[in-house]
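S.K.: Have a look at this one before I ask anything.
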Amino acid sequence: MFTGLIEEVGRVQAIETTESGSRLTIEAKTVLENVQLGDSIAIDGICTTVIDFVVPTEAESGHFIIEASPETLDKTILGDFTPGTRVNLE
């Protein structure tokens, strides 16, 4: 359940266009604590599903990957993101 409280500010690392929309890689730390595949993470209030992730270490920042359909990209601000965009994560 989303609380409406921002846990951290992440950053869009990469955006890849796919046949089914876009794949976004989001740099994060706090929201990755105890994360599992299929978990939901809200990005700027938009509910997304984690399809892959890398837990942060001292040597490397962590990130998670989501997929967004063309409809989601069109109807939300996910379609406006560019690499480097800062995003609120919950």
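Following the order of the structure tokens, first chain is A, next is B, and so on, with residues numbered from 1 inside each chain and ligands from 1 in the order they appear.
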Skipping near chain neighbours, those fewer than 4 positions away, what residues fall within 12 Å of stretch 64-70 of chain A using only C-alpha atoms, listed as an MDAnalysis selection string?

M.R.: chainID A and resid 10:33 35:43 46:56 74:79 81 89

S.K.: Name the residues of stretch 6-90 of chain A that fall into strand (DSSP E) according to DSSP on the backbone, using the chain letters and numbers of this document, as a PyMOL selection string.

M.R.: chain A and resi 8-18+21-28+40-43+46-49+52-54+62-68+86-89

S.K.: What does the distance from atom CA of A:Thr72 to atom CA of A:Thr85 come to in Å, to one decimal?

M.R.: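 According to the coordinates, atom CA of A:Thr72 and atom CA of A:Thr85 are separated by 17.6 Å.
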
S.K.: Run DSSP on the backbone and give me the residues of stretch 7-70 of chain A it puts in helix (DSSP H, G or I), as an NGL selection string.

M.R.: :A and (30-32 or 70)

S.K.: One number please: atom CA of A:Arg86 to atom CA of A:Glu8, in Å, one decimal.

M.R.: 10.2 Å

S.K.: Record the distance separating atom CA of A:Asn88 and atom CA of A:Ala59, expressed in Å with one decimal.

M.R.: 23.5 Å
